[in-house]
Each structure stands twice: as structure tokens, then as C-alpha cells.
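Data first, discussion second: the structure below is written as C-alpha cells.
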Amino acid sequence: MLEANNQNNFSDKALKIRNHHHQSLIQTEEIEFIVQMAQTYPSGDNCQPLEFFWDGHSLKVELIEKRGQHAFNNNYHTDTISMGAALKAIEIAAGAISLTALAEFKKIKKPSLTISFKRRERPLKPLLNTLQKRATDRRIYQAEQKNTQVPQILKLIANKYPLINFYWLEQLDTELKKYLTEVEGYMWEHKDFFADFAQWLRLSRNELNRTNDGMSLESIGLSRKEAPIFWLFKKFPALVPLFWNLGLKFQVRKMAHSQWLSSSGFYLLTVKNNTPQANFEIGQCGMDLWLQLTQLNYGVQPLTLAALSIYDMEMGYANPNINEKFKSIYQKGAHTLRNSFNVIAEEVPCWLFRTGPSPNFPDKMRCPRKPMSEVLKIIK
């Protein structure tokens with residue numbers, strides 16, 4: 001499990017690897033370092049659906065389909081985003097040890113990635129140590145300490161991705177706040193969605209350390225004292241809608257409204273066409289922006305439900321079990337998102353985030369990662 005206070009200085013580690021390996025053949029130690037850094041990619045509920053294979057010539061990244069199965073993961077859209085984010089981490093790690101990563105992304109049915117490496121004369125070090133600091137931060141932010149240059153910085157980064165567009169909004173307007181509030185209910189009222197979420201919820205530190213995946217209650221903004229009620233929800237998911245309507249929704253919405261109010265801005269990533277490559281590029285761009293914000297001591301929280309479900313519906317891959325209530329909410333929400341962010345008509349919203357100054361991320365909120373022995377296979 002990668003905790004903040006146990007992190008090595010990865011720049012020093014990269015330097016040792018660079019000094020040790022000068023031969024043209026890429027060594028296993030180098031690949032292990034790269035995959036360790038790649039493991040920092042974000043995934044739905046921290047399910048970690050990717051595995052890595054090294055055959056001495058290329059690194060293959062493939063999907064563990066069972067881990068990625070989710071009512072919200074339609075046509076492997078969230079897996080593809082995770083794979084794009086993993087490639088960004090691979091590029092950063094490779095650059096730090098004087099390698100260039102050359103990637104080929106494919107999606108015939110499932111997404112896959114093949115990466116070869118070549119040596120370069122000088123290392124590229126930006127954002128390496130930031131990889132291990134990146135996390136989903138659901139805390140209350142310190143908007144009064146905002147950096148007014150952040151939107152321009154993010155826009156310049158997003159411009160590197162030709163299939164993606166970036167939009168910034170400083171405050172939520174009334175209609176957008178109403179839409180986000182309605183969307184909060186989807187997880188709690190959709191039985192398949194909650195069941196898929198609950199399987200990754202770890203109710204004790206022992207369970208979290210044993211599995212090295214999923215999320216603690218602290219990581220989703222709750223406390224240990226709430227473990228009994230969530231144990232009940234996991235055991236009897238039919239109770240969730242009942243508790244939601246009895247008052248849970250007011251608690252959840254109150255917390256969400258406090259989070260939104262403390263944010264210094266919201267940003268939306270859209271795709272310019274209906275291609276797997278654009279879906280993949282969302283992950284690359286999203287990770288790039290997230291790392292830059294982390295380096296600036298900004299917290300980042302994806303509001304994924306609010307945008308990716310619209311993307312699914314407009315691309316023809318809506319969850320077949322979505323009810324009419326939420327179908328209507330998302331159809332109206334698509335109009336609201338476009339209006340609030342002034343999105344170009346032909347583009348489709350895909351990933352929405354809130355952000356704001358938020359230093360000193362606590363270890364107890366950090367999600368674990370699987371050990372190298374479980375994610376990297378060396379093929380001889």
C-alpha cells in the first residue's frame with residue numbers, strides 16, 4: 001500500500017536507475033519502476049482494472065474485465081479513461097529515466113495499449129514525484145487562497161490534446177447546481193450502481209490493507225463511526241433507497257453543497273468526435289491536468305456521474321437499466337452543462353471536476369495500490 005509518509009524520493013530512484021543502465025536493451029528494473037509509477041492512475045472506485053505484461057521488447061497494458069465491470073462502465077468508457085491516464089504516468093516515469101515511450105492504443109472490443117521504449121540523451125523530470133501525491137480530494141477546499149492563473153495554466157495544458165476541449169467555470173449557476181444535486185441520487189437509487197460501488201467499499205483498515213484496492217470510508221469523506229450503517233447497506237442493498245428517502249439524501253446533499261461552495265472552480269473536458277481515441281485522450285488530458293493541480297497544492301474531485309453518463313447516452317451506450325427519471329435528468333443535464341460552460345454545439349461533455357487550494361492531504365484518505373507482483377507479469 002502506497003502511503004504518503006512511506007513514499008521514497010522517486011527522483012533519486014530514477015537517478016540511480018539512469019546511472020545504472022546505459023545499454024540499449026531496456027532492463028526489467030526500468031520497467032518495474034515505470035509500472036510502479038503507472039499504478040498511480042485513477043479508476044472507478046479504485047478498482048484498478050489494468051494489468052501489465054513485459055516481454056523484453058514491449059509493455060502491454062490490458063484490461064482485467066471482471067475488475068472493471070460496473071453499471072457505470074458502459075462500452076469500457078471508464079476503463080479507457082483509466083488506460084489513457086496510465087499512459088500519461090508511463091510517459092512521465094519513462095522520461096525521468098531517460099526513456100521515451102512510444103504507444104499504440106487499440107480498441108477492437110476492449111481497450112489495449114502496447115508501448116515500446118527508446119533511450120534519450122537527457123531525462124525529463126517534471127511531475128514525477130507528483131504522481132504519488134495525486135489523489136481524489138473530497139475535503140472542503142480553501143477557495144480564498146486561489147491562484148488566479150490556474151484556468152490559463154490548465155487551458156495551455158489541455159491545448160496539447162487535439163481531440164479534447166477544456167472549459168472553466170468559477171461558480172455554479174442555479175441550474176447547474178440543481179442538476180448536480182439531482183445526479184447525487186443516482187448512486188443511491190439505482191440498485192445495480194450501488195451494488196457495484198459497495199463491492200469496493202472497505203469498512204475497516206484491515207480489509208483495506210488485505211485487498212490493496214477499493215476505498216475506505218475516510219477516502220469518500222465519511223468516518224469510521226459510519227461503518228455499521230454501510231455494512232448494513234452492503235448486506236441488504238434494498239434498504240438503501242429507503243434510507244435515502246428517509247433522510248440520507250439531505251446529509252449527502254449538504255456535504256456536496258459544502259464541497260461545491262468551497263471550490264475555486266469547476267472544469268469540464270469534452271470530446272470533439274465519437275472515437276475510442278478521443279475517449280482515451282480524455283484520460284491522458286485529465287491525468288495531466290490533475291497532476292498539474294496537485295503540484296500547485298490544489299485538491300481535485302471528479303464529478304464523473306454528471307458528465308460521463310451524458311457521454312454514454314449521446315454515444316449510444318447508456319446503461320440499459322437506467323430508469324426514465326434519471327434518463328430525463330441526464331437529457332436536461334446535457335443542455336444545462338452545455339449552457340453553463342458555453343460548450344461548442346458539436347462537442348460532447350465527458351469528464352467534470354471541481355478543484356481548489358487544499359494542501360496537506362491526509363494519509364487516511366489515500367487509496368491503496370496493488371503490489372507489483374499482482375499487476376506486472378514478466379514474460380520470458
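The way I read the labels, and the way they are meant: chains A, B, ... in the order of the C-alpha cells, residue 1 as the first residue of every chain, and ligand 1 as the first ligand shown, with later ones counted on from there.
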For Leu222 (chain A), please output as a CSV table (one decimal) with C-alpha atoms, in the first residue's frame all residues within 12 Å (counting only C-alpha atoms; exclusion window: fewer than 3 positions along the same chain).
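Wrote part.csv, looks like this:
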```
chain,number,residue,atom,x,y,z
A,138,ARG,CA,-13.3,15.3,-1.3
A,139,ARG,CA,-12.4,17.8,1.5
A,201,LEU,CA,-16.1,-0.1,-0.2
A,202,ARG,CA,-13.6,-1.2,2.6
A,203,LEU,CA,-15.2,-0.8,6.0
A,215,MET,CA,-11.9,2.9,-0.9
A,216,SER,CA,-12.0,3.5,2.8
A,217,LEU,CA,-14.9,5.4,4.4
A,218,GLU,CA,-12.4,8.3,5.0
A,219,SER,CA,-11.5,8.5,1.3
A,225,LYS,CA,-18.3,5.5,13.0
A,226,GLU,CA,-20.5,5.2,9.9
A,227,ALA,CA,-19.2,1.7,9.2
A,229,ILE,CA,-24.7,1.6,8.5
A,230,PHE,CA,-22.7,0.9,5.4
A,251,GLN,CA,-26.9,14.5,4.5
A,252,VAL,CA,-25.3,13.7,1.2
A,255,MET,CA,-22.0,17.6,2.2
A,364,LYS,CA,-6.0,8.1,5.9
A,365,MET,CA,-7.9,9.4,2.8
```
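All residues of protein, DNA or RNA that reach within 7 Å of region 47-49 of chain A, judged by only C-alpha atoms and not counting those fewer than 5 positions away in the chain, are Leu63, Ile64, Glu65, Arg67, Gly68, Trp200, Asp213 and Gly214 of chain A.
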Filtering to C-alpha atoms, could you give me those residues as a CSV table (one decimal), in the first residue's frame?
```csv
chain,number,residue,atom,x,y,z
A,63,LEU,CA,-8.0,-4.9,-19.1
A,64,ILE,CA,-8.9,-7.2,-16.3
A,65,GLU,CA,-12.5,-7.2,-17.3
A,67,ARG,CA,-12.5,-5.8,-12.1
A,68,GLY,CA,-13.8,-3.1,-14.4
A,200,TRP,CA,-15.2,-1.7,-3.5
A,213,ASP,CA,-7.8,-1.8,-3.6
A,214,GLY,CA,-11.2,-0.1,-3.2
```
| query | Which is closest to Ile153 (chain A) among A:Lys249, A:Leu87, A:Phe166, A:Ser58, if we use only C-alpha atoms? | reply | A:Phe166
So that I can check the surroundings of Ile310 (chain A), please list as a short mmCIF file (atom, residue, chain, number, x, y, z; two decimals) with C-alpha atoms, in the first residue's frame every protein, DNA and RNA residue that reaches within 12 Å of it, counting only C-alpha atoms and ignoring chain neighbours fewer than 5 positions away.
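Final output, result_10.cif:
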```cif
data_model
loop_
_atom_site.label_atom_id
_atom_site.label_comp_id
_atom_site.auth_asym_id
_atom_site.auth_seq_id
_atom_site.Cartn_x
_atom_site.Cartn_y
_atom_site.Cartn_z
CA PHE A 72 -21.46 2.96 -14.83
CA ASN A 74 -20.54 1.27 -20.42
CA HIS A 77 -15.56 4.01 -21.28
CA VAL A 183 -27.45 13.46 -10.06
CA THR A 270 -15.38 17.49 -23.81
CA VAL A 271 -14.64 15.30 -26.83
CA THR A 304 -17.89 11.82 -13.01
CA LEU A 305 -21.57 10.88 -12.85
CA MET A 315 -22.64 7.99 -27.85
CA GLY A 316 -25.37 5.32 -27.81
CA TYR A 317 -24.11 3.32 -24.83
CA ALA A 318 -26.43 4.31 -21.99
CA ASN A 319 -26.88 1.82 -19.18
CA PHE A 326 -32.66 9.60 -14.50
CA LYS A 327 -32.81 9.41 -18.27
CA SER A 328 -34.82 12.63 -18.16
CA ILE A 329 -32.40 14.18 -15.63
CA TYR A 330 -29.43 13.44 -17.88
CA GLN A 331 -31.14 14.71 -21.02
CA LYS A 332 -31.89 18.01 -19.29
CA GLY A 333 -28.46 17.95 -17.68
CA ALA A 334 -26.75 17.77 -21.06
CA HIS A 335 -28.46 21.02 -22.02
CA THR A 336 -27.56 22.57 -18.66
CA LEU A 337 -23.87 21.61 -18.85
CA ARG A 338 -23.56 22.98 -22.37
CA GLU A 347 -18.79 18.59 -28.63
CA VAL A 348 -19.91 16.08 -26.01
CA PRO A 349 -19.27 16.53 -22.25
CA CYS A 350 -17.23 13.67 -20.83
CA TRP A 351 -15.45 14.46 -17.54
CA LEU A 352 -16.27 17.12 -14.93
#
```
| Leaving out Lys110 (chain A) and any residue of its chain fewer than 4 positions from it, which residues lie within 9 Å of it when counting only C-alpha atoms, given as a ChimeraX atom specification? | /A:62-63,65,75-76,79-80,106
| request: Skip Val375 (chain A) itself and residues of its chain fewer than 2 positions away, then list as a ChimeraX atom specification all residues within 12 Å of it, counting only C-alpha atoms. | output: /A:32,35-36,38-39,48-54,60-64,212,369-373,377-378
Expected file contents, prior selection, N, CA and C atoms, as a short mmCIF file (atom, residue, chain, number, x, y, z; two decimals), in the first residue's frame:
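That gives us result_3.cif:
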```cif
data_model
loop_
_atom_site.label_atom_id
_atom_site.label_comp_id
_atom_site.auth_asym_id
_atom_site.auth_seq_id
_atom_site.Cartn_x
_atom_site.Cartn_y
_atom_site.Cartn_z
N GLU A 32 9.92 -2.14 -14.10
CA GLU A 32 9.29 -2.19 -12.78
C GLU A 32 9.07 -0.78 -12.22
N VAL A 35 6.16 0.82 -14.22
CA VAL A 35 4.84 0.27 -13.85
C VAL A 35 4.45 0.72 -12.45
N GLN A 36 5.41 0.82 -11.54
CA GLN A 36 5.11 1.34 -10.21
C GLN A 36 4.50 2.73 -10.30
N ALA A 38 3.05 3.95 -13.06
CA ALA A 38 1.80 3.82 -13.82
C ALA A 38 0.64 3.44 -12.92
N GLN A 39 0.94 2.70 -11.85
CA GLN A 39 -0.09 2.23 -10.93
C GLN A 39 -0.81 3.37 -10.21
N GLN A 48 -8.86 -0.59 -9.97
CA GLN A 48 -7.57 -0.95 -10.58
C GLN A 48 -7.73 -2.06 -11.64
N PRO A 49 -8.36 -1.74 -12.78
CA PRO A 49 -8.70 -2.77 -13.76
C PRO A 49 -7.61 -3.10 -14.77
N LEU A 50 -6.40 -2.56 -14.62
CA LEU A 50 -5.36 -2.76 -15.63
C LEU A 50 -4.27 -3.71 -15.15
N GLU A 51 -3.74 -4.51 -16.09
CA GLU A 51 -2.56 -5.32 -15.79
C GLU A 51 -1.52 -5.10 -16.88
N PHE A 52 -0.26 -5.37 -16.54
CA PHE A 52 0.87 -5.02 -17.39
C PHE A 52 1.70 -6.26 -17.71
N PHE A 53 2.15 -6.37 -18.96
CA PHE A 53 2.95 -7.51 -19.41
C PHE A 53 4.20 -7.00 -20.12
N TRP A 54 5.37 -7.49 -19.70
CA TRP A 54 6.63 -7.10 -20.33
C TRP A 54 7.30 -8.34 -20.91
N LYS A 60 2.78 -4.27 -22.57
CA LYS A 60 1.37 -4.32 -22.95
C LYS A 60 0.52 -4.02 -21.73
N VAL A 61 -0.50 -3.20 -21.94
CA VAL A 61 -1.44 -2.85 -20.88
C VAL A 61 -2.80 -3.38 -21.31
N GLU A 62 -3.36 -4.27 -20.51
CA GLU A 62 -4.63 -4.90 -20.86
C GLU A 62 -5.61 -4.78 -19.71
N LEU A 63 -6.85 -5.07 -20.03
CA LEU A 63 -7.95 -4.89 -19.09
C LEU A 63 -8.27 -6.20 -18.36
N ILE A 64 -8.38 -6.12 -17.04
CA ILE A 64 -8.94 -7.23 -16.26
C ILE A 64 -10.45 -6.98 -16.22
N ASN A 212 -5.74 -4.18 -0.77
CA ASN A 212 -4.96 -3.17 -1.51
C ASN A 212 -5.72 -2.60 -2.71
N ARG A 369 -2.77 0.79 -3.44
CA ARG A 369 -2.48 0.24 -4.77
C ARG A 369 -2.02 -1.21 -4.62
N LYS A 370 -2.38 -2.01 -5.61
CA LYS A 370 -1.95 -3.41 -5.63
C LYS A 370 -0.43 -3.50 -5.70
N PRO A 371 0.17 -4.53 -5.08
CA PRO A 371 1.63 -4.69 -5.18
C PRO A 371 2.05 -5.07 -6.59
N MET A 372 3.30 -4.80 -6.91
CA MET A 372 3.84 -5.06 -8.24
C MET A 372 3.65 -6.51 -8.67
N SER A 373 3.77 -7.43 -7.72
CA SER A 373 3.67 -8.86 -8.05
C SER A 373 2.31 -9.24 -8.61
N LYS A 377 3.43 -8.77 -15.10
CA LYS A 377 3.86 -10.12 -15.46
C LYS A 377 5.06 -10.01 -16.40
N ILE A 378 6.15 -10.67 -16.05
CA ILE A 378 7.34 -10.71 -16.89
C ILE A 378 7.28 -11.99 -17.72
#
```
| said: Would you compute the distance between CA of Gly221 (chain A) and CA of Thr294 (chain A)? Give it in Å to one decimal. | reply: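 Result for CA of Gly221 (chain A) versus CA of Thr294 (chain A): 18.6 Å, one decimal.
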